[in-house]
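Next comes final03.txt, a file with compact mmCIF, C-alpha atoms.
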# COMPACT_ATOMS: atom_id res chain seq x y z
CA MET A 1 8.78 1.07 16.01
CA ILE A 2 5.93 2.57 13.99
CA LEU A 3 3.77 -0.58 13.77
CA GLU A 4 3.42 -3.75 15.80
CA VAL A 5 1.16 -6.64 14.87
CA GLN A 6 0.54 -9.07 17.73
CA ASN A 7 -0.90 -12.58 17.32
CA LEU A 8 -3.35 -11.44 14.64
CA HIS A 9 -6.15 -13.80 13.58
CA LYS A 10 -8.84 -13.23 10.97
CA ILE A 11 -11.63 -15.76 10.47
CA TYR A 12 -14.22 -14.82 7.84
CA LYS A 13 -17.91 -15.67 8.18
CA ASN A 14 -17.50 -18.47 5.63
CA GLY A 15 -15.04 -20.15 8.00
CA ILE A 16 -11.83 -19.29 6.13
CA HIS A 17 -9.02 -18.71 8.64
CA ALA A 18 -7.08 -16.11 6.64
CA LEU A 19 -4.57 -15.07 9.32
CA LYS A 20 -3.29 -17.45 11.99
CA GLY A 21 -1.40 -15.75 14.78
CA VAL A 22 0.63 -13.30 12.68
CA SER A 23 3.13 -11.22 14.67
CA PHE A 24 5.81 -8.78 13.50
CA GLY A 25 7.07 -5.23 13.98
CA VAL A 26 7.95 -2.48 11.53
CA ASN A 27 10.49 0.23 12.26
CA GLU A 28 10.06 3.77 11.06
CA GLY A 29 11.53 4.25 7.57
CA GLU A 30 11.47 0.58 6.57
CA PHE A 31 10.40 -0.71 3.16
CA LEU A 32 8.78 -4.00 4.14
CA VAL A 33 7.52 -6.31 1.40
CA ILE A 34 5.06 -9.13 2.05
CA ILE A 35 5.10 -12.07 -0.36
CA GLY A 36 3.18 -15.30 -0.78
CA LEU A 37 0.74 -17.10 -3.02
CA SER A 38 -2.70 -15.69 -3.76
CA GLY A 39 -4.86 -16.58 -0.77
CA SER A 40 -1.93 -16.61 1.66
CA GLY A 41 -3.39 -13.71 3.66
CA LYS A 42 -1.40 -10.75 2.28
CA SER A 43 -4.37 -8.52 1.40
CA THR A 44 -6.24 -9.49 4.56
CA LEU A 45 -3.23 -8.44 6.62
CA LEU A 46 -3.03 -4.97 5.05
CA ARG A 47 -6.78 -4.49 5.42
CA CYS A 48 -6.56 -5.40 9.11
CA ILE A 49 -3.74 -2.90 9.59
CA ASN A 50 -5.68 0.00 8.08
CA ARG A 51 -8.94 -1.24 9.62
CA LEU A 52 -10.82 -1.82 6.38
CA ILE A 53 -11.73 -5.12 8.00
CA GLU A 54 -11.97 -6.09 11.65
CA PRO A 55 -9.48 -8.65 13.00
CA THR A 56 -11.01 -11.60 14.85
CA SER A 57 -8.38 -11.41 17.60
CA GLY A 58 -4.94 -10.03 18.28
CA LYS A 59 -3.70 -6.46 18.22
CA VAL A 60 -2.58 -3.80 15.74
CA ILE A 61 -0.49 -1.14 17.47
CA PHE A 62 0.27 1.99 15.46
CA LEU A 63 2.54 4.72 16.84
CA GLY A 64 2.33 3.09 20.26
CA LYS A 65 -1.49 3.00 20.32
CA ASP A 66 -3.76 -0.03 20.09
CA ILE A 67 -5.99 0.72 17.06
CA THR A 68 -7.48 -2.77 16.71
CA HIS A 69 -11.05 -1.92 17.65
CA ILE A 70 -11.26 1.88 17.68
CA LYS A 71 -14.21 3.50 15.93
CA GLY A 72 -15.69 6.83 14.85
CA GLU A 73 -13.63 9.99 15.05
CA GLU A 74 -10.73 8.18 16.70
CA LEU A 75 -10.50 5.76 13.77
CA ARG A 76 -10.85 8.56 11.22
CA LYS A 77 -7.86 10.38 12.73
CA VAL A 78 -5.72 7.24 12.60
CA LYS A 79 -6.69 6.60 8.97
CA THR A 80 -5.45 10.06 7.97
CA GLN A 81 -1.96 8.85 8.93
CA ILE A 82 -2.14 5.57 6.97
CA GLY A 83 -2.22 5.82 3.17
CA MET A 84 -3.40 2.96 0.96
CA VAL A 85 -2.72 2.14 -2.69
CA PHE A 86 -4.68 -0.72 -4.27
CA GLN A 87 -4.13 -2.98 -7.28
CA GLN A 88 -7.09 -1.29 -8.96
CA PHE A 89 -6.54 2.44 -9.31
CA ASN A 90 -10.04 3.43 -8.07
CA LEU A 91 -9.96 6.81 -9.80
CA ILE A 92 -12.94 8.95 -10.78
CA ARG A 93 -12.40 8.33 -14.46
CA ARG A 94 -14.18 11.40 -15.88
CA ARG A 95 -12.64 13.88 -13.46
CA SER A 96 -9.31 15.61 -13.85
CA VAL A 97 -6.11 14.14 -12.47
CA ILE A 98 -5.71 16.91 -9.91
CA THR A 99 -9.29 16.48 -8.65
CA ASN A 100 -8.58 12.80 -8.15
CA VAL A 101 -5.46 13.61 -6.17
CA ILE A 102 -7.34 16.08 -3.98
CA THR A 103 -9.85 13.38 -3.02
CA GLY A 104 -7.08 11.99 -0.84
CA ARG A 105 -7.70 14.87 1.54
CA LEU A 106 -11.50 14.95 1.53
CA GLY A 107 -11.58 13.51 5.03
CA SER A 108 -10.19 16.79 6.37
CA LEU A 109 -12.08 19.17 4.04
CA GLY A 110 -15.58 20.59 4.46
CA THR A 111 -18.40 18.58 2.87
CA PHE A 112 -19.93 21.57 1.06
CA ASP A 113 -16.65 22.73 -0.48
CA SER A 114 -15.83 19.15 -1.45
CA LEU A 115 -19.13 18.73 -3.29
CA LEU A 116 -18.59 21.98 -5.20
CA GLU A 117 -14.90 21.24 -5.69
CA LYS A 118 -14.02 24.58 -4.09
CA PHE A 119 -10.52 24.00 -2.80
CA SER A 120 -7.98 26.43 -1.39
CA GLU A 121 -4.80 27.44 -3.16
CA GLU A 122 -2.88 25.51 -0.50
CA VAL A 123 -4.75 22.30 -1.35
CA TYR A 124 -4.09 22.77 -5.07
CA ASN A 125 -0.42 23.45 -4.37
CA ASP A 126 -0.14 20.28 -2.27
CA ALA A 127 -1.85 18.26 -5.02
CA ASN A 128 0.51 19.60 -7.67
CA LYS A 129 3.48 18.83 -5.42
CA ALA A 130 2.24 15.25 -4.98
CA LEU A 131 1.95 14.87 -8.77
CA GLU A 132 5.48 16.21 -9.20
CA THR A 133 6.71 13.65 -6.66
CA VAL A 134 5.41 10.83 -8.87
CA GLY A 135 6.63 12.48 -12.09
CA ILE A 136 3.36 13.48 -13.77
CA GLY A 137 2.89 17.13 -12.82
CA GLU A 138 2.14 17.99 -16.43
CA LYS A 139 -0.94 15.71 -16.39
CA ALA A 140 -2.80 17.68 -13.71
CA LYS A 141 -5.60 19.00 -15.94
CA GLU A 142 -6.11 15.88 -18.04
CA ARG A 143 -8.96 13.45 -17.49
CA ALA A 144 -7.95 10.44 -15.42
CA ASP A 145 -9.23 7.95 -18.02
CA SER A 146 -6.94 9.45 -20.68
CA LEU A 147 -3.83 8.19 -18.85
CA SER A 148 -2.03 4.89 -19.24
CA GLY A 149 -2.29 2.25 -16.52
CA GLY A 150 1.07 3.15 -15.02
CA GLN A 151 0.19 6.85 -14.98
CA GLN A 152 -3.15 6.12 -13.33
CA GLN A 153 -1.41 4.16 -10.58
CA ARG A 154 0.92 7.11 -10.04
CA VAL A 155 -2.16 9.33 -9.64
CA ALA A 156 -3.38 6.87 -7.00
CA ILE A 157 -0.03 7.13 -5.22
CA ALA A 158 -0.16 10.94 -5.37
CA ARG A 159 -3.70 10.79 -3.92
CA SER A 160 -2.40 8.82 -0.94
CA LEU A 161 0.35 11.41 -0.40
CA MET A 162 -2.30 14.10 0.19
CA GLN A 163 -2.74 12.58 3.65
CA ASN A 164 0.94 13.11 4.48
CA PRO A 165 0.88 9.52 5.75
CA LYS A 166 3.37 8.18 8.25
CA LEU A 167 2.68 4.68 6.90
CA LEU A 168 1.92 3.83 3.27
CA LEU A 169 0.35 0.45 2.46
CA ALA A 170 0.33 -0.90 -1.09
CA ASP A 171 -1.66 -4.00 -2.02
CA GLU A 172 -0.23 -5.56 -5.21
CA PRO A 173 0.22 -2.08 -6.75
CA VAL A 174 1.86 -3.36 -9.96
CA ALA A 175 -0.11 -6.59 -10.48
CA SER A 176 -2.12 -5.16 -13.38
CA LEU A 177 0.84 -3.44 -15.06
CA ASP A 178 3.35 -4.64 -17.65
CA PRO A 179 6.91 -5.42 -16.47
CA ALA A 180 8.55 -2.18 -17.65
CA THR A 181 5.80 -0.06 -16.07
CA SER A 182 5.98 -2.11 -12.86
CA ASN A 183 9.58 -1.08 -12.25
CA SER A 184 8.75 2.54 -13.02
CA VAL A 185 5.91 2.62 -10.49
CA MET A 186 7.97 0.85 -7.82
CA GLN A 187 10.66 3.51 -8.16
CA TYR A 188 8.17 6.08 -6.90
CA PHE A 189 7.42 4.00 -3.81
CA GLU A 190 11.18 3.87 -3.25
CA LYS A 191 11.41 7.64 -3.69
CA ILE A 192 8.61 8.22 -1.18
CA ASN A 193 10.32 5.88 1.26
CA LYS A 194 13.84 7.29 0.94
CA GLU A 195 13.24 10.97 0.23
CA LEU A 196 10.09 11.61 2.26
CA GLY A 197 10.95 9.10 4.98
CA THR A 198 7.57 7.39 4.72
CA THR A 199 7.41 3.82 6.02
CA VAL A 200 6.14 1.48 3.28
CA ILE A 201 4.53 -1.96 3.52
CA CYS A 202 3.93 -3.46 0.10
CA ASN A 203 2.47 -6.77 -1.11
CA LEU A 204 4.30 -8.11 -4.17
CA HIS A 205 4.51 -11.29 -6.24
CA PHE A 206 7.77 -10.93 -8.18
CA LEU A 207 10.97 -11.67 -6.25
CA SER A 208 13.06 -9.60 -8.66
CA LEU A 209 11.13 -6.52 -7.52
CA VAL A 210 11.36 -7.64 -3.91
CA ARG A 211 15.15 -7.92 -4.13
CA ARG A 212 15.39 -4.52 -5.79
CA TYR A 213 13.21 -2.52 -3.40
CA ALA A 214 12.65 -4.27 -0.06
CA SER A 215 14.72 -3.66 3.04
CA ARG A 216 13.03 -6.65 4.69
CA VAL A 217 10.67 -9.42 3.61
CA ILE A 218 7.91 -11.39 5.27
CA ALA A 219 6.50 -14.47 3.52
CA LEU A 220 3.01 -15.74 4.32
CA LYS A 221 1.70 -19.21 3.60
CA ALA A 222 -1.83 -20.26 4.51
CA GLY A 223 -2.11 -17.31 6.89
CA GLU A 224 1.13 -17.89 8.77
CA ILE A 225 4.58 -16.27 8.59
CA ILE A 226 7.05 -18.84 7.27
CA TYR A 227 9.95 -16.48 6.48
CA GLU A 228 11.16 -13.16 7.84
CA GLY A 229 14.49 -11.69 6.79
CA ILE A 230 16.38 -9.88 4.07
CA PRO A 231 15.56 -10.40 0.36
CA ASP A 232 18.95 -11.80 -0.64
CA GLU A 233 18.50 -14.78 1.68
CA ILE A 234 15.52 -16.09 -0.30
CA ASP A 235 17.30 -18.77 -2.32
CA LYS A 236 15.78 -21.46 -4.56
CA ASN A 237 14.90 -23.65 -1.61
CA TRP A 238 13.06 -20.85 0.16
CA PHE A 239 11.33 -19.94 -3.09
CA LYS A 240 9.99 -23.51 -3.42
CA THR A 241 8.95 -23.50 0.25
CA ILE A 242 7.01 -20.27 -0.18
CA TYR A 243 5.49 -20.83 -3.61
CA GLY A 244 5.49 -24.63 -4.03
CA GLU A 245 7.65 -27.19 -5.80
CA GLU A 246 6.10 -26.55 -9.22
CA ALA A 247 6.61 -22.77 -9.11
CA GLU A 248 9.09 -21.06 -11.43
CA GLU A 249 10.51 -17.64 -10.70
CA VAL A 250 9.65 -14.92 -13.24
CA GLU A 251 12.07 -12.00 -13.36
CA ILE A 252 11.08 -8.39 -14.01
CA ARG A 253 13.86 -6.08 -15.14
Here is a file; write its structure as structure tokens.
Amino acid sequence: MILEVQNLHKIYKNGIHALKGVSFGVNEGEFLVIIGLSGSGKSTLLRCINRLIEPTSGKVIFLGKDITHIKGEELRKVKTQIGMVFQQFNLIRRRSVITNVITGRLGSLGTFDSLLEKFSEEVYNDANKALETVGIGEKAKERADSLSGGQQQRVAIARSLMQNPKLLLADEPVASLDPATSNSVMQYFEKINKELGTTVICNLHFLSLVRRYASRVIALKAGEIIYEGIPDEIDKNWFKTIYGEEAEEVEIR
């Protein structure tokens, strides 16, 4: 087991109880998808796992180690093993694609060289390899803001690969993309999972994508797990339970 979440609670300062005793495990090599309505706790859960926010109580155990409240250098080392891809691409728009990819490794590079963008041949080779993995190696020298939305998200994925992560988290990575591009981007998460062996946890809205890519699904509702199982077992009744009686499923092909 690569990750274990034990009785996790998160209560924000405004009183919102975003996670209510969430517990689950993730085996190495899984492609776990988390679903649920906006506000169900999906993003909070990922941010607790990678320690962008502090859980109120409970434990996050990564590679057998409790990382729930670690700080400083210990936390920095853990974060080098957990990649993160966000809904927003968070690229440096005026810089080249390859420079954006290299920023994924700045945590392990010298500050002076990073400021001057003086990187070794090995770093450039790794960045080009990451771009090839997501199918845009030919875009390396172009400015990030010249790319389409789907291409920019692939740059963000390549940036996360510069960490050589054991666990890759993706928070609604296709929410701002059109349907055709969404499938294209998800195929690269699948490639990273199957060919590189990287464990993936991904928040998604569309069940058609969930059924296509997930090996297992967890559904959150009001901060609690209400479903855990395989995608094909989410029938119409479960869909209504998760998303509400008025919800209609939208399919992405």
Contacts of region 43-50 of chain A within 9 Å, only C-alpha atoms, excl. fewer than 6 positions in-chain, as an MDAnalysis selection string
chainID A and resid 3 5 8 10 18:19 22 60:62 67:68 78:79 82:84 169:172 201:203 223
Keeping only C-alpha atoms, write the selected residues as an mmCIF file, in the coordinates of the input.
data_model
loop_
_atom_site.group_PDB
_atom_site.id
_atom_site.type_symbol
_atom_site.label_atom_id
_atom_site.label_comp_id
_atom_site.auth_asym_id
_atom_site.auth_seq_id
_atom_site.Cartn_x
_atom_site.Cartn_y
_atom_site.Cartn_z
ATOM 1 C CA LEU A 3 3.770 -0.580 13.770
ATOM 2 C CA VAL A 5 1.160 -6.640 14.870
ATOM 3 C CA LEU A 8 -3.350 -11.440 14.640
ATOM 4 C CA LYS A 10 -8.840 -13.230 10.970
ATOM 5 C CA ALA A 18 -7.080 -16.110 6.640
ATOM 6 C CA LEU A 19 -4.570 -15.070 9.320
ATOM 7 C CA VAL A 22 0.630 -13.300 12.680
ATOM 8 C CA VAL A 60 -2.580 -3.800 15.740
ATOM 9 C CA ILE A 61 -0.490 -1.140 17.470
ATOM 10 C CA PHE A 62 0.270 1.990 15.460
ATOM 11 C CA ILE A 67 -5.990 0.720 17.060
ATOM 12 C CA THR A 68 -7.480 -2.770 16.710
ATOM 13 C CA VAL A 78 -5.720 7.240 12.600
ATOM 14 C CA LYS A 79 -6.690 6.600 8.970
ATOM 15 C CA ILE A 82 -2.140 5.570 6.970
ATOM 16 C CA GLY A 83 -2.220 5.820 3.170
ATOM 17 C CA MET A 84 -3.400 2.960 0.960
ATOM 18 C CA LEU A 169 0.350 0.450 2.460
ATOM 19 C CA ALA A 170 0.330 -0.900 -1.090
ATOM 20 C CA ASP A 171 -1.660 -4.000 -2.020
ATOM 21 C CA GLU A 172 -0.230 -5.560 -5.210
ATOM 22 C CA ILE A 201 4.530 -1.960 3.520
ATOM 23 C CA CYS A 202 3.930 -3.460 0.100
ATOM 24 C CA ASN A 203 2.470 -6.770 -1.110
ATOM 25 C CA GLY A 223 -2.110 -17.310 6.890
#
From A:Ala130, A:Leu220, A:Leu147, A:Val174, residue lying nearest Ile192 (chain A) [all atoms listed in the file]:
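Under the stated criterion, the closest residue is A:Ala130.
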With 12 Å as the cut-off and only C-alpha atoms counted, what is the closest atom pair between each nearby residue of region 145-169 of chain A and region 27-35 of chain A? Distances in Å to one decimal, ordered by chain and number, as a tab-separated table.
residue	atom	partner	partner_atom	distance
A:Lys166	CA	A:Glu28	CA	8.5
A:Leu167	CA	A:Glu28	CA	8.5
A:Leu168	CA	A:Phe31	CA	9.6
A:Leu169	CA	A:Leu32	CA	9.7
Would you please work out which residue, of A:Gly58, A:Gly229, A:Pro173, A:Gly244, is nearest to Lys20 (chain A) when using only C-alpha atoms?
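Of A:Gly58, A:Gly229, A:Pro173, A:Gly244, the one nearest Lys20 (chain A) is A:Gly58, counting only C-alpha atoms.
Here the question is which of A:Met186, A:Val85, A:Gly197, A:Arg216 gets nearest to Ala158 (chain A) using all atoms listed in the file, and that residue is A:Val85.
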What is the distance, in Å and to one decimal place, between CA of Asp232 (chain A) and CA of Val185 (chain A)?
21.8 Å
Distance of CA of Ile234 (chain A) from CA of Val210 (chain A), expressed in Å to one decimal place:
10.1 Å
CA of Ile136 (chain A) to CA of Gln152 (chain A), distance in Å rounded to a single decimal
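Atom-to-atom, CA of Ile136 (chain A) and CA of Gln152 (chain A) are spaced 9.8 Å apart.
Distances here use all atoms listed in the file; by that measure, the residue among A:Pro165, A:Ser182, A:Gln153, A:Arg95 closest to Ala140 (chain A) is A:Arg95.
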Selected residue of minimal separation from Trp238 (chain A) among A:Lys221, A:Lys141, A:Arg76, A:Lys71, counting all atoms listed in the file:
A:Lys221
Counting all atoms listed in the file, the option among A:Met1, A:Val26, A:Ile11, A:Leu106 closest to Met162 (chain A)
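Using all atoms listed in the file, the shortest distance to Met162 (chain A) belongs to A:Leu106.
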Using all atoms listed in the file, which protein or nucleic acid residues come within 10 Å of Asp178 (chain A)? Drop anything in the same chain fewer than 3 positions from it, and give the result as a tab-separated table (two decimals) with C-alpha atoms, in the frame of the given file.
chain	number	residue	atom	x	y	z
A	149	GLY	CA	-2.29	2.25	-16.52
A	150	GLY	CA	1.07	3.15	-15.02
A	174	VAL	CA	1.86	-3.36	-9.96
A	175	ALA	CA	-0.11	-6.59	-10.48
A	181	THR	CA	5.80	-0.06	-16.07
A	182	SER	CA	5.98	-2.11	-12.86
A	183	ASN	CA	9.58	-1.08	-12.25
A	252	ILE	CA	11.08	-8.39	-14.01
Within 12 Å of Ile92 (chain A) using all atoms listed in the file, minus same-chain residues under 4 positions, as a list in words:
Gln88, Ser96, Val97, Ile98, Thr99, Asn100, Val101, Ile102, Thr103, Gly104, Arg143, Ala144, Asp145, Ser146, Gln152, Val155, Ala156 and Arg159 of chain A
List as an mmCIF file with C-alpha atoms, keeping the file's coordinate frame the protein and nucleic acid residues near His69 (chain A), meaning an atom at most 10 Å away when only C-alpha atoms are counted, but skip any in the same chain fewer than 2 places from it.
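Full text of out_39.cif as output:
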data_model
loop_
_atom_site.group_PDB
_atom_site.id
_atom_site.type_symbol
_atom_site.label_atom_id
_atom_site.label_comp_id
_atom_site.auth_asym_id
_atom_site.auth_seq_id
_atom_site.Cartn_x
_atom_site.Cartn_y
_atom_site.Cartn_z
ATOM 1 C CA ARG A 51 -8.940 -1.240 9.620
ATOM 2 C CA GLU A 54 -11.970 -6.090 11.650
ATOM 3 C CA PRO A 55 -9.480 -8.650 13.000
ATOM 4 C CA SER A 57 -8.380 -11.410 17.600
ATOM 5 C CA LYS A 59 -3.700 -6.460 18.220
ATOM 6 C CA VAL A 60 -2.580 -3.800 15.740
ATOM 7 C CA ASP A 66 -3.760 -0.030 20.090
ATOM 8 C CA ILE A 67 -5.990 0.720 17.060
ATOM 9 C CA LYS A 71 -14.210 3.500 15.930
ATOM 10 C CA LEU A 75 -10.500 5.760 13.770
#
Residues near Thr241 (chain A), anyone? I mean within 12 Å using all atoms listed in the file, not counting same-chain ones fewer than 6 positions away, as a count of residues only.
12
Starting from the incomplete input, reconstruct N, CA, C and O atoms of region 224-244 of chain A and report them as a PDB file, in the coordinates of the input.
ATOM      1  N   GLU A 224       0.085 -17.887   7.763  1.00  0.00           N
ATOM      2  CA  GLU A 224       1.130 -17.890   8.770  1.00  0.00           C
ATOM      3  C   GLU A 224       2.442 -17.356   8.194  1.00  0.00           C
ATOM      4  O   GLU A 224       2.717 -17.551   7.002  1.00  0.00           O
ATOM      5  N   ILE A 225       3.252 -16.725   9.018  1.00  0.00           N
ATOM      6  CA  ILE A 225       4.580 -16.270   8.590  1.00  0.00           C
ATOM      7  C   ILE A 225       5.509 -17.475   8.563  1.00  0.00           C
ATOM      8  O   ILE A 225       5.696 -18.162   9.576  1.00  0.00           O
ATOM      9  N   ILE A 226       6.097 -17.725   7.382  1.00  0.00           N
ATOM     10  CA  ILE A 226       7.050 -18.840   7.270  1.00  0.00           C
ATOM     11  C   ILE A 226       8.469 -18.341   6.998  1.00  0.00           C
ATOM     12  O   ILE A 226       9.413 -19.133   7.040  1.00  0.00           O
ATOM     13  N   TYR A 227       8.612 -17.048   6.711  1.00  0.00           N
ATOM     14  CA  TYR A 227       9.950 -16.480   6.480  1.00  0.00           C
ATOM     15  C   TYR A 227       9.923 -15.009   6.884  1.00  0.00           C
ATOM     16  O   TYR A 227       8.963 -14.284   6.608  1.00  0.00           O
ATOM     17  N   GLU A 228      10.971 -14.586   7.540  1.00  0.00           N
ATOM     18  CA  GLU A 228      11.160 -13.160   7.840  1.00  0.00           C
ATOM     19  C   GLU A 228      12.651 -12.885   7.796  1.00  0.00           C
ATOM     20  O   GLU A 228      13.433 -13.513   8.515  1.00  0.00           O
ATOM     21  N   GLY A 229      13.063 -11.965   6.906  1.00  0.00           N
ATOM     22  CA  GLY A 229      14.490 -11.690   6.790  1.00  0.00           C
ATOM     23  C   GLY A 229      14.763 -10.750   5.640  1.00  0.00           C
ATOM     24  O   GLY A 229      13.887 -10.017   5.192  1.00  0.00           O
ATOM     25  N   ILE A 230      16.003 -10.769   5.157  1.00  0.00           N
ATOM     26  CA  ILE A 230      16.380  -9.880   4.070  1.00  0.00           C
ATOM     27  C   ILE A 230      16.134 -10.580   2.726  1.00  0.00           C
ATOM     28  O   ILE A 230      16.166 -11.810   2.642  1.00  0.00           O
ATOM     29  N   PRO A 231      15.895  -9.802   1.661  1.00  0.00           N
ATOM     30  CA  PRO A 231      15.560 -10.400   0.360  1.00  0.00           C
ATOM     31  C   PRO A 231      16.611 -11.349  -0.184  1.00  0.00           C
ATOM     32  O   PRO A 231      16.271 -12.391  -0.755  1.00  0.00           O
ATOM     33  N   ASP A 232      17.882 -11.006  -0.024  1.00  0.00           N
ATOM     34  CA  ASP A 232      18.950 -11.800  -0.640  1.00  0.00           C
ATOM     35  C   ASP A 232      19.064 -13.209  -0.075  1.00  0.00           C
ATOM     36  O   ASP A 232      19.724 -14.066  -0.656  1.00  0.00           O
ATOM     37  N   GLU A 233      18.436 -13.454   1.079  1.00  0.00           N
ATOM     38  CA  GLU A 233      18.500 -14.780   1.680  1.00  0.00           C
ATOM     39  C   GLU A 233      17.416 -15.719   1.174  1.00  0.00           C
ATOM     40  O   GLU A 233      17.360 -16.878   1.573  1.00  0.00           O
ATOM     41  N   ILE A 234      16.544 -15.220   0.286  1.00  0.00           N
ATOM     42  CA  ILE A 234      15.520 -16.090  -0.300  1.00  0.00           C
ATOM     43  C   ILE A 234      16.147 -16.799  -1.501  1.00  0.00           C
ATOM     44  O   ILE A 234      16.182 -16.282  -2.619  1.00  0.00           O
ATOM     45  N   ASP A 235      16.669 -17.982  -1.258  1.00  0.00           N
ATOM     46  CA  ASP A 235      17.300 -18.770  -2.320  1.00  0.00           C
ATOM     47  C   ASP A 235      16.260 -19.671  -2.986  1.00  0.00           C
ATOM     48  O   ASP A 235      15.055 -19.551  -2.728  1.00  0.00           O
ATOM     49  N   LYS A 236      16.710 -20.582  -3.833  1.00  0.00           N
ATOM     50  CA  LYS A 236      15.780 -21.460  -4.560  1.00  0.00           C
ATOM     51  C   LYS A 236      14.977 -22.341  -3.620  1.00  0.00           C
ATOM     52  O   LYS A 236      13.782 -22.599  -3.843  1.00  0.00           O
ATOM     53  N   ASN A 237      15.609 -22.798  -2.555  1.00  0.00           N
ATOM     54  CA  ASN A 237      14.900 -23.650  -1.610  1.00  0.00           C
ATOM     55  C   ASN A 237      13.785 -22.897  -0.897  1.00  0.00           C
ATOM     56  O   ASN A 237      12.673 -23.415  -0.729  1.00  0.00           O
ATOM     57  N   TRP A 238      14.095 -21.657  -0.484  1.00  0.00           N
ATOM     58  CA  TRP A 238      13.060 -20.850   0.160  1.00  0.00           C
ATOM     59  C   TRP A 238      11.951 -20.505  -0.834  1.00  0.00           C
ATOM     60  O   TRP A 238      10.766 -20.487  -0.481  1.00  0.00           O
ATOM     61  N   PHE A 239      12.329 -20.240  -2.071  1.00  0.00           N
ATOM     62  CA  PHE A 239      11.330 -19.940  -3.090  1.00  0.00           C
ATOM     63  C   PHE A 239      10.336 -21.096  -3.234  1.00  0.00           C
ATOM     64  O   PHE A 239       9.119 -20.887  -3.278  1.00  0.00           O
ATOM     65  N   LYS A 240      10.854 -22.330  -3.295  1.00  0.00           N
ATOM     66  CA  LYS A 240       9.990 -23.510  -3.420  1.00  0.00           C
ATOM     67  C   LYS A 240       9.135 -23.689  -2.162  1.00  0.00           C
ATOM     68  O   LYS A 240       7.972 -24.097  -2.241  1.00  0.00           O
ATOM     69  N   THR A 241       9.705 -23.380  -1.005  1.00  0.00           N
ATOM     70  CA  THR A 241       8.950 -23.500   0.250  1.00  0.00           C
ATOM     71  C   THR A 241       7.785 -22.514   0.273  1.00  0.00           C
ATOM     72  O   THR A 241       6.681 -22.857   0.711  1.00  0.00           O
ATOM     73  N   ILE A 242       8.041 -21.310  -0.209  1.00  0.00           N
ATOM     74  CA  ILE A 242       7.010 -20.270  -0.180  1.00  0.00           C
ATOM     75  C   ILE A 242       5.958 -20.481  -1.257  1.00  0.00           C
ATOM     76  O   ILE A 242       4.749 -20.372  -1.005  1.00  0.00           O
ATOM     77  N   TYR A 243       6.402 -20.812  -2.464  1.00  0.00           N
ATOM     78  CA  TYR A 243       5.490 -20.830  -3.610  1.00  0.00           C
ATOM     79  C   TYR A 243       5.129 -22.237  -4.111  1.00  0.00           C
ATOM     80  O   TYR A 243       4.259 -22.370  -4.975  1.00  0.00           O
ATOM     81  N   GLY A 244       5.804 -23.270  -3.612  1.00  0.00           N
ATOM     82  CA  GLY A 244       5.490 -24.630  -4.030  1.00  0.00           C
ATOM     83  C   GLY A 244       6.530 -25.195  -4.981  1.00  0.00           C
ATOM     84  O   GLY A 244       7.251 -24.459  -5.672  1.00  0.00           O
TER      85      GLY A 244
END
